[in-house]
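Colleague: Following this line is entry-v1.cif, made up of mmCIF, C-alpha atoms and all ligand atoms:
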```
data_structure
#
loop_
_atom_site.label_atom_id
_atom_site.label_comp_id
_atom_site.auth_asym_id
_atom_site.auth_seq_id
_atom_site.Cartn_x
_atom_site.Cartn_y
_atom_site.Cartn_z
CA MET A 1047 0.00 0.00 0.00
CA ILE A 1048 1.25 3.48 -0.83
CA ASN A 1049 1.08 5.93 2.07
CA PRO A 1050 -0.64 9.18 1.12
CA PRO A 1051 1.88 12.03 1.02
CA HIS A 1052 2.04 14.25 4.08
CA SER A 1053 0.81 17.75 3.38
CA GLY A 1054 -0.12 20.98 5.09
CA ILE A 1055 0.37 22.29 8.60
CA VAL A 1056 -1.39 21.21 11.78
CA VAL A 1057 -1.27 23.75 14.60
CA VAL A 1058 -1.91 22.17 18.01
CA GLY A 1059 -2.38 25.20 20.19
CA SER A 1060 -4.28 27.79 22.19
CA ALA A 1061 -6.86 30.40 21.31
CA ASN A 1062 -7.62 33.26 23.69
CA MET A 1063 -9.67 36.39 23.64
CA ASP A 1064 -7.25 39.17 24.58
CA VAL A 1065 -8.84 41.92 26.67
CA VAL A 1066 -6.50 44.89 26.57
CA PHE A 1067 -6.77 47.68 29.15
CA SER A 1068 -4.80 50.83 28.30
CA VAL A 1069 -3.76 52.66 31.47
CA GLU A 1070 -1.42 55.49 32.36
CA ARG A 1071 0.77 53.19 34.45
CA ILE A 1072 0.74 49.64 35.83
CA PRO A 1073 -1.30 49.63 39.10
CA VAL A 1074 0.44 48.71 42.34
CA PRO A 1075 -1.04 45.97 44.61
CA GLY A 1076 -4.32 47.11 46.18
CA GLU A 1077 -4.76 50.02 43.77
CA THR A 1078 -7.74 50.64 41.48
CA LEU A 1079 -7.12 52.54 38.26
CA ILE A 1080 -9.54 53.81 35.61
CA ALA A 1081 -8.51 52.61 32.14
CA ASP A 1082 -8.22 55.07 29.24
CA SER A 1083 -9.72 52.41 26.98
CA VAL A 1084 -10.47 48.71 26.75
CA ALA A 1085 -10.55 46.57 23.63
CA LYS A 1086 -10.94 42.90 22.73
CA TYR A 1087 -8.81 41.10 20.14
CA PRO A 1088 -8.60 37.45 19.09
CA GLY A 1089 -5.27 36.01 20.20
CA GLY A 1090 -3.43 33.13 21.82
CA LYS A 1091 -0.18 31.80 20.38
CA GLY A 1092 -1.85 28.87 18.63
CA LEU A 1093 -4.45 31.01 16.90
CA ASN A 1094 -1.97 33.74 15.93
CA GLN A 1095 0.43 31.20 14.44
CA ALA A 1096 -2.34 29.36 12.59
CA VAL A 1097 -3.53 32.68 11.10
CA ALA A 1098 0.04 33.47 10.04
CA ALA A 1099 0.45 30.02 8.46
CA ALA A 1100 -2.85 30.26 6.58
CA ARG A 1101 -2.45 33.88 5.40
CA SER A 1102 1.07 33.15 4.19
CA GLY A 1103 -0.28 30.40 1.94
CA GLY A 1104 -0.10 27.26 4.10
CA ASP A 1105 -2.87 24.70 4.09
CA THR A 1106 -3.58 24.95 7.85
CA VAL A 1107 -5.74 22.97 10.27
CA PHE A 1108 -6.25 24.00 13.90
CA VAL A 1109 -6.42 21.52 16.78
CA GLY A 1110 -7.56 23.07 20.05
CA ALA A 1111 -10.62 24.04 22.07
CA LEU A 1112 -12.97 26.99 22.41
CA GLY A 1113 -15.72 27.51 24.96
CA ALA A 1114 -19.38 27.40 23.93
CA ASP A 1115 -19.59 31.15 24.61
CA GLU A 1116 -19.58 34.42 22.67
CA ASN A 1117 -15.78 34.69 22.76
CA GLY A 1118 -15.64 31.18 21.34
CA ASP A 1119 -17.91 32.23 18.46
CA GLU A 1120 -15.68 35.22 17.72
CA LEU A 1121 -12.49 33.16 17.84
CA PHE A 1122 -14.09 30.54 15.59
CA ALA A 1123 -15.08 33.24 13.09
CA THR A 1124 -11.49 34.55 13.08
CA MET A 1125 -10.26 31.09 12.11
CA SER A 1126 -12.77 30.68 9.31
CA ASP A 1127 -12.19 34.22 8.00
CA SER A 1128 -8.45 33.57 7.89
CA GLY A 1129 -8.80 30.42 5.81
CA ILE A 1130 -7.94 27.99 8.62
CA ASP A 1131 -9.56 24.56 8.53
CA SER A 1132 -11.58 24.69 11.77
CA THR A 1133 -13.52 21.43 11.35
CA LEU A 1134 -11.68 19.75 14.25
CA VAL A 1135 -12.02 22.62 16.74
CA ARG A 1136 -13.65 21.42 19.96
CA ARG A 1137 -16.36 23.47 21.65
CA VAL A 1138 -16.34 22.66 25.36
CA ASP A 1139 -18.54 23.56 28.28
CA VAL A 1140 -16.17 26.02 29.98
CA GLU A 1141 -15.24 29.60 29.12
CA SER A 1142 -12.95 30.27 26.19
CA GLY A 1143 -9.38 31.15 27.10
CA GLN A 1144 -8.85 34.80 28.00
CA ALA A 1145 -5.80 36.99 28.45
CA PHE A 1146 -6.17 40.18 30.48
CA ILE A 1147 -3.51 42.56 29.31
CA VAL A 1148 -2.72 45.85 31.01
CA VAL A 1149 -0.66 48.17 28.82
CA ALA A 1150 0.83 51.34 30.32
CA ASP A 1151 1.70 54.54 28.41
CA SER A 1152 5.35 53.49 28.78
CA ALA A 1153 4.46 50.33 26.71
CA GLU A 1154 5.19 48.12 29.76
CA ASN A 1155 2.60 45.40 30.17
CA THR A 1156 1.24 42.90 32.68
CA ILE A 1157 -0.65 39.84 31.48
CA ILE A 1158 -2.88 37.34 33.26
CA VAL A 1159 -4.06 34.32 31.26
CA ALA A 1160 -7.14 32.29 32.22
CA SER A 1161 -6.63 29.09 30.20
CA GLY A 1162 -10.31 28.08 30.24
CA ALA A 1163 -11.10 25.79 27.29
CA ASN A 1164 -7.41 25.45 26.35
CA ALA A 1165 -6.79 23.48 29.56
CA GLU A 1166 -9.36 20.88 28.48
CA VAL A 1167 -7.15 19.63 25.64
CA MET A 1168 -5.37 16.89 27.57
CA ALA A 1169 -5.12 14.24 24.82
CA LEU A 1170 -5.72 13.98 21.06
CA THR A 1171 -8.90 12.44 19.68
CA ALA A 1172 -8.54 9.79 16.95
CA GLU A 1173 -9.42 12.34 14.25
CA GLU A 1174 -6.96 14.88 15.60
CA ARG A 1175 -4.24 12.22 15.69
CA ASP A 1176 -4.94 11.39 12.04
CA ARG A 1177 -4.45 15.02 11.04
CA VAL A 1178 -1.21 15.23 13.00
CA THR A 1179 0.15 12.12 11.32
CA SER A 1180 -0.96 13.10 7.79
CA SER A 1181 0.35 16.70 7.92
CA ALA A 1182 3.75 17.74 6.61
CA VAL A 1183 4.45 19.95 9.64
CA LEU A 1184 3.24 19.97 13.25
CA LEU A 1185 3.53 23.43 14.82
CA ALA A 1186 3.01 23.56 18.60
CA GLN A 1187 3.58 26.06 21.42
CA LEU A 1188 3.35 25.78 25.21
CA GLU A 1189 -0.06 27.27 26.02
CA LEU A 1190 -1.85 23.87 26.02
CA PRO A 1191 -1.28 21.18 28.68
CA LEU A 1192 2.22 19.76 28.18
CA GLU A 1193 0.84 16.19 27.94
CA VAL A 1194 -0.90 16.94 24.64
CA VAL A 1195 2.13 18.77 23.24
CA ILE A 1196 4.28 15.72 23.98
CA GLU A 1197 1.68 13.31 22.59
CA SER A 1198 1.37 15.34 19.37
CA ALA A 1199 5.13 15.50 18.94
CA ARG A 1200 5.48 11.74 19.52
CA GLU A 1201 2.73 10.87 17.05
CA ALA A 1202 4.14 13.26 14.47
CA ARG A 1203 7.65 11.94 14.89
CA ALA A 1204 6.52 8.31 14.49
CA ALA A 1205 4.61 9.19 11.31
CA GLY A 1206 7.38 11.21 9.66
CA THR A 1207 5.64 14.58 10.17
CA THR A 1208 8.15 17.40 10.78
CA VAL A 1209 7.99 18.45 14.45
CA MET A 1210 8.28 22.19 15.08
CA LEU A 1211 7.99 23.70 18.58
CA ASN A 1212 7.85 27.36 19.50
CA ALA A 1213 8.81 26.96 23.18
CA ALA A 1214 6.73 29.90 24.40
CA PRO A 1215 5.79 30.93 27.02
CA ALA A 1216 9.14 30.04 28.57
CA ARG A 1217 9.18 26.98 30.80
CA ALA A 1218 11.43 24.03 31.52
CA LEU A 1219 10.80 21.03 29.24
CA PRO A 1220 11.40 17.31 29.63
CA ASP A 1221 14.21 15.77 27.58
CA GLU A 1222 11.75 13.39 25.92
CA LEU A 1223 10.15 16.37 24.15
CA ILE A 1224 13.31 18.25 23.19
CA ASP A 1225 14.88 15.10 21.81
CA ILE A 1226 12.12 14.46 19.24
CA LEU A 1227 12.00 17.96 17.76
CA ASP A 1228 13.09 18.74 14.20
CA TYR A 1229 12.84 22.53 14.68
CA LEU A 1230 12.93 24.59 17.87
CA ILE A 1231 12.05 28.30 17.66
CA VAL A 1232 12.83 30.40 20.74
CA ASN A 1233 13.45 34.00 21.66
CA GLU A 1234 16.46 35.06 23.71
CA HIS A 1235 14.82 34.50 27.09
CA GLU A 1236 13.47 31.06 26.16
CA ALA A 1237 16.83 30.03 24.66
CA CYS A 1238 18.67 30.90 27.88
CA LEU A 1239 16.14 29.09 30.06
CA LEU A 1240 16.09 25.90 27.95
CA GLY A 1241 19.81 25.99 27.18
CA GLY A 1242 20.63 26.40 30.87
CA SER A 1243 22.97 29.39 30.52
CA ASP A 1244 22.74 33.18 30.87
CA ASP A 1245 25.09 33.41 27.92
CA LEU A 1246 22.88 33.37 24.82
CA ALA A 1247 25.50 31.97 22.44
CA GLU A 1248 26.37 29.17 24.84
CA ALA A 1249 22.70 28.35 25.52
CA SER A 1250 21.95 28.32 21.77
CA VAL A 1251 24.83 25.99 20.93
CA ARG A 1252 23.75 23.63 23.72
CA LEU A 1253 20.25 23.51 22.24
CA ALA A 1254 21.65 23.08 18.74
CA ALA A 1255 23.56 20.02 19.94
CA ARG A 1256 20.19 18.41 20.71
CA VAL A 1257 17.79 19.70 18.05
CA PRO A 1258 18.71 19.48 14.32
CA GLN A 1259 17.46 23.00 13.55
CA VAL A 1260 17.27 25.80 16.13
CA ILE A 1261 16.11 29.34 15.39
CA VAL A 1262 16.72 32.05 17.98
CA THR A 1263 14.73 35.22 17.31
CA LEU A 1264 16.15 38.51 18.53
CA GLY A 1265 13.41 41.07 17.92
CA ALA A 1266 14.65 44.01 15.82
CA GLU A 1267 18.04 42.27 15.62
CA GLY A 1268 16.61 39.47 13.47
CA SER A 1269 17.26 35.77 14.03
CA VAL A 1270 20.11 33.26 14.20
CA LEU A 1271 19.85 29.85 12.53
CA TYR A 1272 21.62 26.76 13.82
CA GLN A 1273 21.82 23.51 11.91
CA GLY A 1274 23.68 20.30 12.65
CA GLY A 1275 24.99 21.65 15.94
CA ARG A 1276 26.51 24.87 14.63
CA GLU A 1277 25.54 28.37 13.56
CA LEU A 1278 24.44 28.40 9.92
CA ALA A 1279 23.41 32.03 9.35
CA ARG A 1280 22.37 35.29 10.91
CA VAL A 1281 19.28 36.80 9.33
CA PRO A 1282 18.97 40.55 9.98
CA ALA A 1283 15.48 41.90 10.61
CA ARG A 1284 14.02 44.08 7.87
CA ARG A 1285 14.38 47.78 8.63
CA VAL A 1286 10.85 49.05 9.09
CA MET A 1287 9.01 51.55 11.26
CA ALA A 1288 7.65 49.38 14.09
CA ILE A 1289 4.31 50.46 15.55
CA ASP A 1290 3.39 47.37 17.61
CA THR A 1291 5.57 44.27 17.88
CA THR A 1292 2.85 42.11 19.53
CA GLY A 1293 2.66 38.84 17.64
CA ALA A 1294 5.90 39.33 15.66
CA GLY A 1295 7.20 36.03 17.00
CA ASP A 1296 3.93 34.24 16.22
CA THR A 1297 3.93 35.62 12.67
CA TYR A 1298 7.50 34.44 12.22
CA CYS A 1299 6.61 30.89 13.39
CA GLY A 1300 3.48 30.56 11.24
CA ALA A 1301 5.12 31.86 8.06
CA PHE A 1302 8.20 29.74 8.73
CA ALA A 1303 5.99 26.62 8.98
CA THR A 1304 4.35 27.50 5.63
CA ALA A 1305 7.74 27.72 3.94
CA ILE A 1306 9.04 24.47 5.46
CA ALA A 1307 5.80 22.63 4.57
CA ALA A 1308 6.30 23.85 0.98
CA GLY A 1309 9.73 22.22 0.92
CA ARG A 1310 11.89 25.34 1.24
CA GLY A 1311 15.28 25.15 2.97
CA LEU A 1312 16.07 26.66 6.38
CA THR A 1313 17.65 29.92 5.18
CA ASP A 1314 14.98 30.55 2.59
CA ALA A 1315 12.20 29.81 5.10
CA ALA A 1316 13.78 32.21 7.61
CA ALA A 1317 13.93 34.98 4.99
CA PHE A 1318 10.23 34.44 4.26
CA ALA A 1319 9.36 34.49 7.98
CA THR A 1320 11.49 37.60 8.52
CA ALA A 1321 9.59 39.49 5.81
CA ALA A 1322 6.22 38.34 7.23
CA SER A 1323 7.10 39.44 10.77
CA ALA A 1324 8.49 42.80 9.56
CA LEU A 1325 5.11 43.47 7.92
CA SER A 1326 3.31 42.46 11.14
CA VAL A 1327 5.07 45.08 13.30
CA GLN A 1328 3.83 47.90 11.09
CA LYS A 1329 0.21 47.60 12.23
CA LEU A 1330 -1.57 47.51 15.62
CA GLY A 1331 -2.73 44.22 17.16
CA ALA A 1332 -1.64 40.64 16.59
CA VAL A 1333 -4.21 39.02 14.28
CA PRO A 1334 -5.09 42.22 12.34
CA SER A 1335 -1.42 42.83 11.53
CA ILE A 1336 -0.59 39.35 10.18
CA PRO A 1337 0.12 39.78 6.44
CA ALA A 1338 -1.24 37.88 3.44
CA ARG A 1339 1.02 36.02 1.01
CA ASP A 1340 1.04 38.66 -1.75
CA ARG A 1341 2.44 41.30 0.63
CA ILE A 1342 5.19 38.96 1.83
CA ASP A 1343 6.15 38.09 -1.76
CA ALA A 1344 6.12 41.80 -2.68
CA MET A 1345 8.49 42.60 0.18
CA LEU A 1346 10.85 39.80 -0.87
CA GLY A 1347 10.81 41.21 -4.42
P1 LIG B 1401 6.47 38.29 20.64
O1 LIG B 1401 6.38 37.42 21.87
O2 LIG B 1401 6.35 39.76 20.90
O3 LIG B 1401 5.58 37.85 19.53
P2 LIG B 1401 9.11 37.08 20.25
O4 LIG B 1401 9.99 37.48 21.38
O5 LIG B 1401 8.63 35.69 20.19
O6 LIG B 1401 7.95 38.14 20.07
P3 LIG B 1401 10.85 38.48 18.46
O7 LIG B 1401 12.22 37.94 18.57
O8 LIG B 1401 10.56 39.77 19.15
O9 LIG B 1401 9.85 37.34 18.85
O10 LIG B 1401 10.48 38.73 16.90
C1 LIG B 1401 10.43 37.69 15.94
C2 LIG B 1401 10.93 38.22 14.61
O11 LIG B 1401 10.13 39.33 14.20
C3 LIG B 1401 12.36 38.72 14.61
O12 LIG B 1401 13.29 37.68 14.37
C4 LIG B 1401 12.35 39.75 13.49
O13 LIG B 1401 12.61 39.14 12.23
C5 LIG B 1401 10.91 40.29 13.51
N1 LIG B 1401 10.84 41.56 14.24
C6 LIG B 1401 10.60 41.75 15.57
N2 LIG B 1401 10.65 43.06 15.88
C7 LIG B 1401 10.94 43.73 14.74
C8 LIG B 1401 11.14 45.10 14.40
N3 LIG B 1401 11.07 46.08 15.31
N4 LIG B 1401 11.43 45.40 13.09
C9 LIG B 1401 11.50 44.43 12.14
N5 LIG B 1401 11.32 43.13 12.41
C10 LIG B 1401 11.06 42.77 13.68
#
```
So, in terms of structure tokens, how does the structure I just supplied come out?

Modeller:
Amino acid sequence: MINPPHSGIVVVGSANMDVVFSVERIPVPGETLIADSVAKYPGGKGLNQAVAAARSGGDTVFVGALGADENGDELFATMSDSGIDSTLVRRVDVESGQAFIVVADSAENTIIVASGANAEVMALTAEERDRVTSSAVLLAQLELPLEVVIESAREARAAGTTVMLNAAPARALPDELIDILDYLIVNEHEACLLGGSDDLAEASVRLAARVPQVIVTLGAEGSVLYQGGRELARVPARRVMAIDTTGAGDTYCGAFATAIAAGRGLTDAAAFATAASALSVQKLGAVPSIPARDRIDAMLG
């Protein structure tokens, strides 16, 4: 029997409604402040990355859970409007995930996440497992229970699906997960934590000794690519006027997954992701700022 070819991207991840309070300054314990404004935006690392993968041209399916509430309806609509295959999305009887974000005039922020429905995804269903094993790329983050991240990575690995982890938010990880990754994408803080060193270069090389491809993103400084245990290339960020960098990392991950699923090499995929994330910092909000394929191609020339 001929195995069907693996294709597309499966994002196993979170979806949250972000509630953003704009205040003059971050309140101190016990203090009540009146916000200048409050706004709601679809978010969550899983959803942001799935939107980035789909808008950048990847055939993308989302595995995760939403509550059977109004926020869940809005998050579901965001998926459908972005071209994500949402047929496997679970609707569960708890509130959708929410992130309460307080942003001060200084741009400092404080975030509290209520996982809600995301915490219900403890194990894959049979259908979800089938999509993981038939996709070209699994893209996961760390906002779902770790058990399901590990299970997804194991299933993907056994089936020959490329395993990509954006290890955010930062947390310690078991060896059994790190050792089955094909790609690890981390920012500076996450690299140092997982690599066990305050020295970024040392931490990165330690990670690169364990994961075949490691990408360390450095904000406006760009990203560094490691392959086969050593540094392969430094990719400078595009010089643009940044308005809001929220979701730059998520845009990078989603676009990178699209390029890898399409068979592009590491350096080429990083250039594509760098252009996508540079476009995303030029507009307010995470999901609204994630660019479509034609704009990424136009930037690459
Ligand atoms: P976040 O959590 O805010 O989404 P992150 O820490 O995961 O971000 P960053 O390293 O800040 O990710 O950014 C990812 C990529 O986005 C960078 O490698 C870079 O290519 C691009 N980028 C970020 N900030 C800028 C900027 N000011 N100008 C141009 N490109 C940027």

Colleague: Could you list, with a cut-off of 9 Å and counting all atoms listed in the file, the residues of chain A near ligand LIG 1401 (chain B), each shown with its nearest atom pair and the distance in Å rounded to one decimal, rows sorted by chain and ascending number, as JSON lines?

Modeller:
```
{"residue": "A:Lys1091", "atom": "CA", "partner": "B:LIG1401", "partner_atom": "O3", "distance": 8.4}
{"residue": "A:Asn1212", "atom": "CA", "partner": "B:LIG1401", "partner_atom": "O5", "distance": 8.4}
{"residue": "A:Ala1214", "atom": "CA", "partner": "B:LIG1401", "partner_atom": "O5", "distance": 7.4}
{"residue": "A:Pro1215", "atom": "CA", "partner": "B:LIG1401", "partner_atom": "O1", "distance": 8.3}
{"residue": "A:Ile1231", "atom": "CA", "partner": "B:LIG1401", "partner_atom": "O5", "distance": 8.5}
{"residue": "A:Val1232", "atom": "CA", "partner": "B:LIG1401", "partner_atom": "O5", "distance": 6.8}
{"residue": "A:Asn1233", "atom": "CA", "partner": "B:LIG1401", "partner_atom": "O4", "distance": 4.9}
{"residue": "A:Glu1234", "atom": "CA", "partner": "B:LIG1401", "partner_atom": "O7", "distance": 7.3}
{"residue": "A:His1235", "atom": "CA", "partner": "B:LIG1401", "partner_atom": "O4", "distance": 8.1}
{"residue": "A:Glu1236", "atom": "CA", "partner": "B:LIG1401", "partner_atom": "O4", "distance": 8.7}
{"residue": "A:Ile1261", "atom": "CA", "partner": "B:LIG1401", "partner_atom": "O12", "distance": 8.9}
{"residue": "A:Val1262", "atom": "CA", "partner": "B:LIG1401", "partner_atom": "O7", "distance": 7.4}
{"residue": "A:Thr1263", "atom": "CA", "partner": "B:LIG1401", "partner_atom": "O7", "distance": 3.9}
{"residue": "A:Leu1264", "atom": "CA", "partner": "B:LIG1401", "partner_atom": "O7", "distance": 4.0}
{"residue": "A:Gly1265", "atom": "CA", "partner": "B:LIG1401", "partner_atom": "O8", "distance": 3.4}
{"residue": "A:Ala1266", "atom": "CA", "partner": "B:LIG1401", "partner_atom": "C7", "distance": 3.9}
{"residue": "A:Glu1267", "atom": "CA", "partner": "B:LIG1401", "partner_atom": "C4", "distance": 6.6}
{"residue": "A:Gly1268", "atom": "CA", "partner": "B:LIG1401", "partner_atom": "O12", "distance": 3.9}
{"residue": "A:Ser1269", "atom": "CA", "partner": "B:LIG1401", "partner_atom": "O12", "distance": 4.4}
{"residue": "A:Val1270", "atom": "CA", "partner": "B:LIG1401", "partner_atom": "O12", "distance": 8.1}
{"residue": "A:Val1281", "atom": "CA", "partner": "B:LIG1401", "partner_atom": "O13", "distance": 7.6}
{"residue": "A:Pro1282", "atom": "CA", "partner": "B:LIG1401", "partner_atom": "O13", "distance": 6.9}
{"residue": "A:Ala1283", "atom": "CA", "partner": "B:LIG1401", "partner_atom": "O13", "distance": 4.3}
{"residue": "A:Arg1284", "atom": "CA", "partner": "B:LIG1401", "partner_atom": "C9", "distance": 5.0}
{"residue": "A:Arg1285", "atom": "CA", "partner": "B:LIG1401", "partner_atom": "C9", "distance": 5.6}
{"residue": "A:Val1286", "atom": "CA", "partner": "B:LIG1401", "partner_atom": "N4", "distance": 5.4}
{"residue": "A:Met1287", "atom": "CA", "partner": "B:LIG1401", "partner_atom": "N4", "distance": 6.9}
{"residue": "A:Ala1288", "atom": "CA", "partner": "B:LIG1401", "partner_atom": "N3", "distance": 4.9}
{"residue": "A:Ile1289", "atom": "CA", "partner": "B:LIG1401", "partner_atom": "N3", "distance": 8.1}
{"residue": "A:Asp1290", "atom": "CA", "partner": "B:LIG1401", "partner_atom": "N3", "distance": 8.1}
{"residue": "A:Thr1291", "atom": "CA", "partner": "B:LIG1401", "partner_atom": "O2", "distance": 5.5}
{"residue": "A:Thr1292", "atom": "CA", "partner": "B:LIG1401", "partner_atom": "O2", "distance": 4.4}
{"residue": "A:Gly1293", "atom": "CA", "partner": "B:LIG1401", "partner_atom": "O3", "distance": 3.6}
{"residue": "A:Ala1294", "atom": "CA", "partner": "B:LIG1401", "partner_atom": "O3", "distance": 4.2}
{"residue": "A:Gly1295", "atom": "CA", "partner": "B:LIG1401", "partner_atom": "O9", "distance": 3.5}
{"residue": "A:Asp1296", "atom": "CA", "partner": "B:LIG1401", "partner_atom": "O3", "distance": 5.2}
{"residue": "A:Thr1297", "atom": "CA", "partner": "B:LIG1401", "partner_atom": "O11", "distance": 7.4}
{"residue": "A:Tyr1298", "atom": "CA", "partner": "B:LIG1401", "partner_atom": "C2", "distance": 5.6}
{"residue": "A:Cys1299", "atom": "CA", "partner": "B:LIG1401", "partner_atom": "C1", "distance": 8.2}
{"residue": "A:Ala1316", "atom": "CA", "partner": "B:LIG1401", "partner_atom": "O13", "distance": 8.4}
{"residue": "A:Ala1317", "atom": "CA", "partner": "B:LIG1401", "partner_atom": "O13", "distance": 8.5}
{"residue": "A:Ala1319", "atom": "CA", "partner": "B:LIG1401", "partner_atom": "O13", "distance": 7.1}
{"residue": "A:Thr1320", "atom": "CA", "partner": "B:LIG1401", "partner_atom": "O13", "distance": 4.2}
{"residue": "A:Ala1321", "atom": "CA", "partner": "B:LIG1401", "partner_atom": "O13", "distance": 7.1}
{"residue": "A:Ala1322", "atom": "CA", "partner": "B:LIG1401", "partner_atom": "O11", "distance": 8.1}
{"residue": "A:Ser1323", "atom": "CA", "partner": "B:LIG1401", "partner_atom": "O11", "distance": 4.6}
{"residue": "A:Ala1324", "atom": "CA", "partner": "B:LIG1401", "partner_atom": "N5", "distance": 4.0}
{"residue": "A:Leu1325", "atom": "CA", "partner": "B:LIG1401", "partner_atom": "N5", "distance": 7.7}
{"residue": "A:Ser1326", "atom": "CA", "partner": "B:LIG1401", "partner_atom": "O11", "distance": 8.1}
{"residue": "A:Val1327", "atom": "CA", "partner": "B:LIG1401", "partner_atom": "C8", "distance": 6.2}
{"residue": "A:Gln1328", "atom": "CA", "partner": "B:LIG1401", "partner_atom": "N4", "distance": 8.2}
{"residue": "A:Ala1332", "atom": "CA", "partner": "B:LIG1401", "partner_atom": "O3", "distance": 8.3}
```

Colleague: List the spatial neighbours of Ala1186 of chain A as a PyMOL selection string - criterion: any atom at most 6 Å away, all atoms listed in the file, same-chain residues fewer than 5 positions off excluded.

Modeller: chain A and resi 1057-1059+1211

Colleague: Extending 3 Å beyond the listed atoms of segment 1178-1181 of chain A on each side, what axis-aligned box results? I want centre and edge lengths in Å to one decimal, as JSON.

Modeller:
```
{"center_x": -0.4, "center_y": 14.4, "center_z": 10.4, "size_x": 7.6, "size_y": 10.6, "size_z": 11.2}
```

Colleague: Just checking: using only C-alpha atoms, which residue out of A:Ala1150, A:Ala1204, A:Leu1112, A:Val1333 ends up closest to Ser1128 of chain A?

Modeller: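 Of A:Ala1150, A:Ala1204, A:Leu1112, A:Val1333, the one nearest Ser1128 of chain A, counting only C-alpha atoms, is A:Val1333.
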
Colleague: Segment 1306-1314 of chain A: which residues within 9 Å, counting all atoms listed in the file, same-chain residues fewer than 2 positions away excluded, as an MDAnalysis selection string?

Modeller: chainID A and resid 1053:1055 1104:1105 1181:1183 1208 1259 1271 1273 1278:1279 1281 1301:1304 1316:1319

Colleague: If you measure from atom CA of Ser1126 of chain A to atom CA of Val1097 of chain A, what distance in Å do you get, rounded to one decimal?

Modeller: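 Interatomic distance here is 9.6 Å.
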
Colleague: Using all atoms listed in the file, which residues sit within 12 Å of Ala1165 of chain A once same-chain residues fewer than 5 positions away are excluded, as a list in words?

Modeller: Gly1059, Ser1060, Ala1061, Asn1062, Gly1110, Ala1111, Leu1112, Gly1113, Arg1136, Val1138, Asp1139, Val1140, Glu1141, Ser1142, Gly1143, Gln1144, Val1159, Ala1160, Leu1188, Glu1189, Leu1190, Pro1191, Leu1192, Glu1193, Val1194 and Val1195 of chain A
